[in-house]
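Quick look at target-v7.txt (compact mmCIF, N, CA and C atoms and all ligand atoms):
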```txt
# COMPACT_ATOMS: atom_id res chain seq x y z
N MET A 1 -12.93 -3.93 14.22
CA MET A 1 -11.84 -4.87 13.93
C MET A 1 -10.51 -4.25 14.36
N ASP A 2 -9.67 -5.06 14.96
CA ASP A 2 -8.42 -4.53 15.49
C ASP A 2 -7.33 -4.57 14.40
N CYS A 3 -7.52 -3.72 13.41
CA CYS A 3 -6.59 -3.67 12.29
C CYS A 3 -6.20 -2.21 12.07
N ILE A 4 -4.90 -1.92 12.13
CA ILE A 4 -4.42 -0.53 11.99
C ILE A 4 -4.92 0.08 10.69
N PHE A 5 -4.84 -0.68 9.60
CA PHE A 5 -5.21 -0.09 8.31
C PHE A 5 -6.73 0.11 8.21
N CYS A 6 -7.51 -0.78 8.82
CA CYS A 6 -8.97 -0.53 8.85
C CYS A 6 -9.26 0.73 9.65
N LYS A 7 -8.49 0.96 10.71
CA LYS A 7 -8.68 2.18 11.51
C LYS A 7 -8.28 3.42 10.71
N ILE A 8 -7.26 3.30 9.88
CA ILE A 8 -6.88 4.42 9.01
C ILE A 8 -7.99 4.67 7.99
N VAL A 9 -8.52 3.60 7.40
CA VAL A 9 -9.64 3.74 6.44
C VAL A 9 -10.82 4.45 7.12
N ALA A 10 -11.10 4.07 8.35
CA ALA A 10 -12.25 4.63 9.08
C ALA A 10 -11.98 6.05 9.56
N GLY A 11 -10.71 6.48 9.51
CA GLY A 11 -10.37 7.82 10.00
C GLY A 11 -10.10 7.85 11.49
N ASP A 12 -10.06 6.69 12.14
CA ASP A 12 -9.81 6.64 13.58
C ASP A 12 -8.33 6.84 13.90
N ILE A 13 -7.47 6.53 12.94
CA ILE A 13 -6.03 6.84 13.05
C ILE A 13 -5.72 7.80 11.90
N PRO A 14 -5.09 8.95 12.21
CA PRO A 14 -4.81 9.90 11.13
C PRO A 14 -3.73 9.39 10.18
N SER A 15 -3.82 9.84 8.94
CA SER A 15 -2.79 9.48 7.96
C SER A 15 -2.69 10.60 6.94
N THR A 16 -1.58 10.62 6.24
CA THR A 16 -1.41 11.59 5.15
C THR A 16 -1.89 10.93 3.87
N LYS A 17 -3.15 11.19 3.53
CA LYS A 17 -3.76 10.55 2.37
C LYS A 17 -3.30 11.22 1.09
N VAL A 18 -3.03 10.42 0.08
CA VAL A 18 -2.68 10.98 -1.23
C VAL A 18 -3.70 10.58 -2.30
N TYR A 19 -4.55 9.60 -1.99
CA TYR A 19 -5.60 9.20 -2.94
C TYR A 19 -6.67 8.43 -2.17
N GLU A 20 -7.91 8.64 -2.57
CA GLU A 20 -9.00 7.87 -1.96
C GLU A 20 -10.16 7.77 -2.94
N ASP A 21 -10.73 6.58 -3.05
CA ASP A 21 -12.01 6.44 -3.74
C ASP A 21 -12.84 5.42 -2.96
N ASP A 22 -13.86 4.86 -3.59
CA ASP A 22 -14.77 3.98 -2.85
C ASP A 22 -14.10 2.70 -2.37
N THR A 23 -13.08 2.26 -3.10
CA THR A 23 -12.52 0.93 -2.79
C THR A 23 -11.04 0.95 -2.40
N VAL A 24 -10.37 2.07 -2.64
CA VAL A 24 -8.91 2.12 -2.44
C VAL A 24 -8.51 3.38 -1.66
N LEU A 25 -7.53 3.21 -0.80
CA LEU A 25 -6.93 4.34 -0.08
C LEU A 25 -5.41 4.27 -0.25
N ALA A 26 -4.80 5.44 -0.45
CA ALA A 26 -3.33 5.52 -0.50
C ALA A 26 -2.89 6.60 0.47
N PHE A 27 -1.86 6.29 1.23
CA PHE A 27 -1.36 7.23 2.24
C PHE A 27 0.14 7.01 2.43
N ARG A 28 0.79 8.04 2.97
CA ARG A 28 2.26 7.96 3.12
C ARG A 28 2.62 7.06 4.30
N ASP A 29 3.64 6.23 4.08
CA ASP A 29 4.10 5.31 5.12
C ASP A 29 4.67 6.11 6.30
N ILE A 30 4.37 5.65 7.50
CA ILE A 30 4.81 6.35 8.71
C ILE A 30 6.33 6.25 8.89
N ASN A 31 6.92 5.27 8.25
CA ASN A 31 8.37 5.00 8.41
C ASN A 31 9.00 4.88 7.03
N PRO A 32 9.08 6.03 6.31
CA PRO A 32 9.44 5.95 4.89
C PRO A 32 10.84 5.39 4.64
N GLN A 33 10.91 4.51 3.67
CA GLN A 33 12.19 3.88 3.27
C GLN A 33 12.77 4.55 2.03
N ALA A 34 12.09 5.54 1.51
CA ALA A 34 12.53 6.25 0.30
C ALA A 34 11.81 7.59 0.29
N PRO A 35 12.29 8.56 -0.50
CA PRO A 35 11.63 9.87 -0.53
C PRO A 35 10.13 9.76 -0.84
N THR A 36 9.77 8.88 -1.76
CA THR A 36 8.35 8.53 -1.93
C THR A 36 8.16 7.13 -1.37
N HIS A 37 7.29 7.02 -0.37
CA HIS A 37 6.92 5.70 0.17
C HIS A 37 5.44 5.77 0.53
N ILE A 38 4.65 5.26 -0.39
CA ILE A 38 3.19 5.33 -0.26
C ILE A 38 2.66 3.91 -0.11
N LEU A 39 1.68 3.75 0.76
CA LEU A 39 0.98 2.47 0.90
C LEU A 39 -0.35 2.57 0.17
N VAL A 40 -0.63 1.60 -0.68
CA VAL A 40 -1.90 1.58 -1.40
C VAL A 40 -2.64 0.32 -0.96
N ILE A 41 -3.84 0.52 -0.44
CA ILE A 41 -4.56 -0.59 0.19
C ILE A 41 -6.00 -0.66 -0.30
N PRO A 42 -6.57 -1.87 -0.31
CA PRO A 42 -8.01 -1.96 -0.50
C PRO A 42 -8.69 -1.51 0.79
N LYS A 43 -9.79 -0.81 0.67
CA LYS A 43 -10.53 -0.44 1.89
C LYS A 43 -11.08 -1.69 2.57
N GLU A 44 -11.44 -2.66 1.74
CA GLU A 44 -11.92 -3.93 2.29
C GLU A 44 -10.77 -4.61 3.02
N HIS A 45 -11.06 -5.20 4.17
CA HIS A 45 -10.02 -5.90 4.93
C HIS A 45 -9.73 -7.24 4.28
N ILE A 46 -8.77 -7.23 3.35
CA ILE A 46 -8.32 -8.50 2.77
C ILE A 46 -7.17 -8.99 3.63
N ALA A 47 -7.46 -9.99 4.47
CA ALA A 47 -6.44 -10.58 5.34
C ALA A 47 -6.00 -11.88 4.70
N ASN A 48 -4.74 -12.12 4.79
CA ASN A 48 -3.69 -11.33 5.42
C ASN A 48 -2.88 -10.55 4.37
N GLY A 49 -2.73 -11.12 3.19
CA GLY A 49 -1.90 -10.48 2.20
C GLY A 49 -2.10 -11.09 0.83
N ALA A 50 -1.05 -11.05 0.03
CA ALA A 50 -1.16 -11.48 -1.37
C ALA A 50 -1.61 -12.94 -1.49
N ALA A 51 -1.31 -13.74 -0.47
CA ALA A 51 -1.73 -15.14 -0.52
C ALA A 51 -3.24 -15.28 -0.45
N ASP A 52 -3.91 -14.21 -0.09
CA ASP A 52 -5.36 -14.26 0.10
C ASP A 52 -6.13 -13.59 -1.03
N ILE A 53 -5.43 -13.30 -2.13
CA ILE A 53 -6.11 -12.76 -3.31
C ILE A 53 -6.81 -13.93 -4.02
N THR A 54 -8.09 -13.74 -4.28
CA THR A 54 -8.89 -14.79 -4.92
C THR A 54 -9.65 -14.18 -6.09
N ALA A 55 -10.34 -15.03 -6.83
CA ALA A 55 -11.17 -14.55 -7.94
C ALA A 55 -12.22 -13.56 -7.44
N ASP A 56 -12.65 -13.72 -6.20
CA ASP A 56 -13.70 -12.85 -5.66
C ASP A 56 -13.21 -11.45 -5.29
N ASN A 57 -11.92 -11.32 -4.96
CA ASN A 57 -11.46 -10.00 -4.51
C ASN A 57 -10.34 -9.42 -5.40
N ALA A 58 -10.02 -10.09 -6.50
CA ALA A 58 -8.87 -9.68 -7.30
C ALA A 58 -9.10 -8.38 -8.08
N ALA A 59 -10.34 -8.01 -8.32
CA ALA A 59 -10.58 -6.82 -9.14
C ALA A 59 -9.95 -5.58 -8.51
N VAL A 60 -10.01 -5.50 -7.19
CA VAL A 60 -9.47 -4.31 -6.53
C VAL A 60 -7.95 -4.24 -6.69
N VAL A 61 -7.32 -5.39 -6.87
CA VAL A 61 -5.86 -5.39 -7.03
C VAL A 61 -5.49 -4.74 -8.36
N GLY A 62 -6.25 -5.04 -9.41
CA GLY A 62 -6.01 -4.37 -10.69
C GLY A 62 -6.21 -2.87 -10.56
N HIS A 63 -7.25 -2.49 -9.83
CA HIS A 63 -7.52 -1.07 -9.61
C HIS A 63 -6.38 -0.42 -8.82
N ILE A 64 -5.87 -1.14 -7.82
CA ILE A 64 -4.74 -0.61 -7.04
C ILE A 64 -3.56 -0.31 -7.96
N PHE A 65 -3.32 -1.17 -8.94
CA PHE A 65 -2.18 -0.92 -9.83
C PHE A 65 -2.43 0.26 -10.76
N GLU A 66 -3.68 0.50 -11.11
CA GLU A 66 -3.99 1.74 -11.85
C GLU A 66 -3.62 2.95 -10.99
N ILE A 67 -3.98 2.89 -9.73
CA ILE A 67 -3.71 4.02 -8.82
C ILE A 67 -2.21 4.18 -8.60
N ILE A 68 -1.51 3.06 -8.50
CA ILE A 68 -0.05 3.13 -8.34
C ILE A 68 0.57 3.85 -9.54
N ALA A 69 0.13 3.54 -10.75
CA ALA A 69 0.67 4.20 -11.95
C ALA A 69 0.38 5.70 -11.90
N LYS A 70 -0.82 6.04 -11.49
CA LYS A 70 -1.21 7.47 -11.39
C LYS A 70 -0.36 8.19 -10.34
N LEU A 71 -0.19 7.55 -9.18
CA LEU A 71 0.58 8.19 -8.11
C LEU A 71 2.05 8.31 -8.49
N ALA A 72 2.59 7.30 -9.16
CA ALA A 72 4.00 7.38 -9.59
C ALA A 72 4.19 8.58 -10.51
N LYS A 73 3.25 8.79 -11.42
CA LYS A 73 3.33 9.97 -12.31
C LYS A 73 3.26 11.25 -11.50
N GLU A 74 2.32 11.31 -10.58
CA GLU A 74 2.15 12.52 -9.77
C GLU A 74 3.38 12.82 -8.93
N GLU A 75 4.06 11.75 -8.49
CA GLU A 75 5.26 11.93 -7.66
C GLU A 75 6.50 12.19 -8.53
N GLY A 76 6.31 12.15 -9.86
CA GLY A 76 7.43 12.41 -10.77
C GLY A 76 8.39 11.25 -10.89
N LEU A 77 7.88 10.04 -10.64
CA LEU A 77 8.75 8.86 -10.64
C LEU A 77 8.69 8.14 -11.98
N SER A 78 9.83 8.02 -12.65
CA SER A 78 9.87 7.13 -13.80
C SER A 78 10.39 5.76 -13.36
N ASP A 79 11.24 5.77 -12.35
CA ASP A 79 11.78 4.53 -11.78
C ASP A 79 11.18 4.35 -10.39
N PHE A 80 10.56 3.24 -10.17
CA PHE A 80 9.97 2.99 -8.85
C PHE A 80 9.83 1.50 -8.63
N ARG A 81 9.51 1.14 -7.41
CA ARG A 81 9.34 -0.28 -7.06
C ARG A 81 8.02 -0.43 -6.33
N VAL A 82 7.33 -1.54 -6.61
CA VAL A 82 6.11 -1.90 -5.90
C VAL A 82 6.38 -3.21 -5.17
N VAL A 83 6.10 -3.20 -3.85
CA VAL A 83 6.41 -4.36 -3.02
C VAL A 83 5.17 -4.74 -2.22
N THR A 84 4.93 -6.03 -2.10
CA THR A 84 3.97 -6.50 -1.10
C THR A 84 4.64 -7.64 -0.34
N ASN A 85 4.65 -7.54 0.96
CA ASN A 85 5.24 -8.56 1.81
C ASN A 85 4.13 -9.50 2.27
N ASN A 86 4.39 -10.78 2.19
CA ASN A 86 3.39 -11.75 2.63
C ASN A 86 4.00 -12.65 3.69
N GLY A 87 3.57 -12.46 4.92
CA GLY A 87 4.06 -13.28 6.02
C GLY A 87 5.19 -12.61 6.78
N GLU A 88 5.27 -12.93 8.06
CA GLU A 88 6.27 -12.30 8.94
C GLU A 88 7.69 -12.52 8.42
N GLY A 89 7.95 -13.71 7.89
CA GLY A 89 9.29 -14.02 7.39
C GLY A 89 9.68 -13.19 6.19
N ALA A 90 8.68 -12.58 5.55
CA ALA A 90 8.95 -11.69 4.41
C ALA A 90 8.88 -10.23 4.83
N GLY A 91 8.71 -9.99 6.13
CA GLY A 91 8.71 -8.61 6.63
C GLY A 91 7.33 -8.00 6.79
N GLN A 92 6.28 -8.80 6.64
CA GLN A 92 4.94 -8.23 6.80
C GLN A 92 4.64 -7.99 8.27
N THR A 93 4.19 -6.78 8.58
CA THR A 93 3.84 -6.43 9.95
C THR A 93 2.37 -6.11 10.11
N VAL A 94 1.69 -5.78 9.02
CA VAL A 94 0.27 -5.42 9.09
C VAL A 94 -0.51 -6.41 8.21
N PRO A 95 -1.39 -7.23 8.85
CA PRO A 95 -2.08 -8.27 8.09
C PRO A 95 -3.35 -7.78 7.39
N HIS A 96 -3.16 -6.77 6.55
CA HIS A 96 -4.22 -6.22 5.69
C HIS A 96 -3.50 -5.96 4.37
N LEU A 97 -3.97 -6.59 3.29
CA LEU A 97 -3.26 -6.50 2.01
C LEU A 97 -2.86 -5.05 1.70
N HIS A 98 -1.59 -4.87 1.34
CA HIS A 98 -1.12 -3.52 0.99
C HIS A 98 0.08 -3.61 0.07
N PHE A 99 0.23 -2.56 -0.72
CA PHE A 99 1.33 -2.47 -1.67
C PHE A 99 2.13 -1.22 -1.36
N HIS A 100 3.45 -1.38 -1.26
CA HIS A 100 4.35 -0.25 -1.04
C HIS A 100 4.77 0.30 -2.41
N LEU A 101 4.63 1.60 -2.60
CA LEU A 101 5.19 2.29 -3.77
C LEU A 101 6.40 3.08 -3.28
N LEU A 102 7.57 2.68 -3.79
CA LEU A 102 8.84 3.27 -3.33
C LEU A 102 9.56 3.91 -4.50
N GLY A 103 10.09 5.09 -4.29
CA GLY A 103 10.88 5.74 -5.34
C GLY A 103 11.48 7.03 -4.84
N GLY A 104 12.19 7.70 -5.76
CA GLY A 104 12.80 8.98 -5.41
C GLY A 104 14.26 8.86 -5.03
N ARG A 105 14.77 7.65 -5.03
CA ARG A 105 16.20 7.42 -4.84
C ARG A 105 16.56 6.18 -5.64
N THR A 106 17.85 5.96 -5.82
CA THR A 106 18.27 4.73 -6.50
C THR A 106 17.95 3.55 -5.61
N LEU A 107 17.23 2.58 -6.15
CA LEU A 107 16.82 1.42 -5.37
C LEU A 107 17.78 0.28 -5.66
N GLY A 108 18.19 -0.43 -4.61
CA GLY A 108 19.14 -1.51 -4.78
C GLY A 108 18.62 -2.59 -5.72
N VAL A 109 19.53 -3.27 -6.38
CA VAL A 109 19.09 -4.31 -7.31
C VAL A 109 18.73 -5.60 -6.58
N GLU A 110 19.23 -5.74 -5.34
CA GLU A 110 18.89 -6.93 -4.55
C GLU A 110 17.44 -6.86 -4.13
N MET A 111 16.69 -7.89 -4.34
CA MET A 111 15.28 -7.88 -3.98
C MET A 111 15.06 -8.42 -2.58
N GLY A 112 15.95 -9.26 -2.11
CA GLY A 112 15.72 -9.90 -0.80
C GLY A 112 16.43 -9.19 0.31
P1 LIG A 201 4.64 -4.34 6.01
O1 LIG A 201 5.84 -4.38 6.90
O2 LIG A 201 4.91 -4.79 4.59
O3 LIG A 201 3.46 -5.07 6.65
O4 LIG A 201 4.25 -2.81 5.89
C1 LIG A 201 3.52 -2.14 6.86
C2 LIG A 201 3.87 -0.69 6.74
O5 LIG A 201 2.88 0.04 7.43
C3 LIG A 201 5.20 -0.30 7.37
O6 LIG A 201 6.07 0.18 6.35
C4 LIG A 201 4.87 0.80 8.35
C5 LIG A 201 3.47 1.19 7.97
N1 LIG A 201 2.63 1.60 9.08
C6 LIG A 201 2.37 0.88 10.20
N2 LIG A 201 1.53 1.57 11.00
C7 LIG A 201 1.23 2.72 10.36
C8 LIG A 201 0.42 3.84 10.67
O7 LIG A 201 -0.24 3.92 11.72
N3 LIG A 201 0.40 4.87 9.76
C9 LIG A 201 1.10 4.80 8.58
N4 LIG A 201 0.99 5.87 7.77
N5 LIG A 201 1.87 3.76 8.25
C10 LIG A 201 1.94 2.73 9.13
```
Mind turning this structure into structure tokens?
Amino acid sequence: MDCIFCKIVAGDIPSTKVYEDDTVLAFRDINPQAPTHILVIPKEHIANGAADITADNAAVVGHIFEIIAKLAKEEGLSDFRVVTNNGEGAGQTVPHLHFHLLGGRTLGVEMG
């Protein structure tokens, strides 16, 4: 499949992994927007994004948020932001569900 994140899951594209289990992978964003910028993704190719979460695949999303909480603690973050972009107009560039964990600096109050 021609998906960058599937290639990262498969190990065909290198990444700086910070967490991995059977269903979830977390790795540092190649273009960090904050001192901590980690992408947490399901290993399963859930295309395209949050709009495609269903009763059949939602369990991994809960698990992803467990991992986000664990990683935030490990990174020493009490204040952090979790973002998922859905659609090009919202800034999504990779059509494989993913969550950005951002922290380590003061984050603007503007969400858009
Ligand atoms: P989004 O724009 O929300 O679809 O986020 C995609 C993110 O993926 C973006 O912040 C940059 C990151 N990214 C794209 N290609 C790679 C890659 O090959 N390696 C890593 N580590 N991150 C990537």
task = Check the DSSP output for the backbone and give back, as a list of chain:residue names, the residues of region 37-103 of chain A in strand (DSSP E or B).
result =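 Here are the strand (DSSP E or B) residues of region 37-103 of chain A: A:His37, A:Ile38, A:Leu39, A:Val40, A:Ile41, A:Pro42, A:Phe80, A:Arg81, A:Val82, A:Val83, A:Phe99, A:His100, A:Leu101, A:Leu102, A:Gly103.
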query = For Val40 (chain A), which residue among A:His100, A:Phe65, A:Glu110, A:Val18 is the nearest when counting only N, CA and C atoms?
reply =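 Distance minimum relative to Val40 (chain A) lands on A:His100.
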key: From A:Thr106, A:Asn48, A:Ser78, A:Gln92, residue lying nearest ligand LIG 201 (chain A) [only C-alpha atoms and all ligand atoms]   = A:Gln92
Nearby polymer residues, ligand LIG 201 (chain A), at most 12 Å, only C-alpha atoms and all ligand atoms, as a VMD selection string = chain A and resid 3 to 9 11 to 18 25 to 34 36 to 41 47 to 50 82 to 102
task = Report the distance between CA of Thr23 (chain A) and CA of Lys43 (chain A) in Å, rounded to one decimal place.
result = 5.3 Å
request  = Between A:Pro35, A:Phe80, A:Asp52, A:Val24, single out the one closest to Ile64 (chain A), counting only C-alpha atoms.
outcome  =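 Nearest to Ile64 (chain A): A:Val24.
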task = Name the residues in contact with Leu77 (chain A) at a cut-off of 8 Å, using only N, CA and C atoms, excluding same-chain residues fewer than 3 positions from it; report them as a PyMOL selection string.
result = chain A and resi 71-74+80+102-104
inquiry  = What does the structure give for the distance between CA of Ala59 (chain A) and CA of Asp79 (chain A), in Å to one decimal?
reply    =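 Calculated distance between CA of Ala59 (chain A) and CA of Asp79 (chain A) is 25.2 Å.
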note = Between atom C of Ala58 (chain A) and atom C of Pro42 (chain A) lies a distance of 11.2 Å
query = Which residues in region 25-105 of chain A does DSSP call alpha helix (DSSP H)? List them as a list in words.
reply =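 Taking region 25-105 of chain A and keeping alpha helix (DSSP H) gives Ala59, Val60, Val61, Gly62, His63, Ile64, Phe65, Glu66, Ile67, Ile68, Ala69, Lys70, Leu71, Ala72, Lys73 and Glu74 of chain A.
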Please report, as JSON, the centre and edge lengths in Å to one decimal of an axis-aligned box covering all listed atoms of region 65-71 of chain A with 8 Å per side.
```
{"center_x": -1.0, "center_y": 3.6, "center_z": -10.0, "size_x": 22.0, "size_y": 25.5, "size_z": 19.8}
```
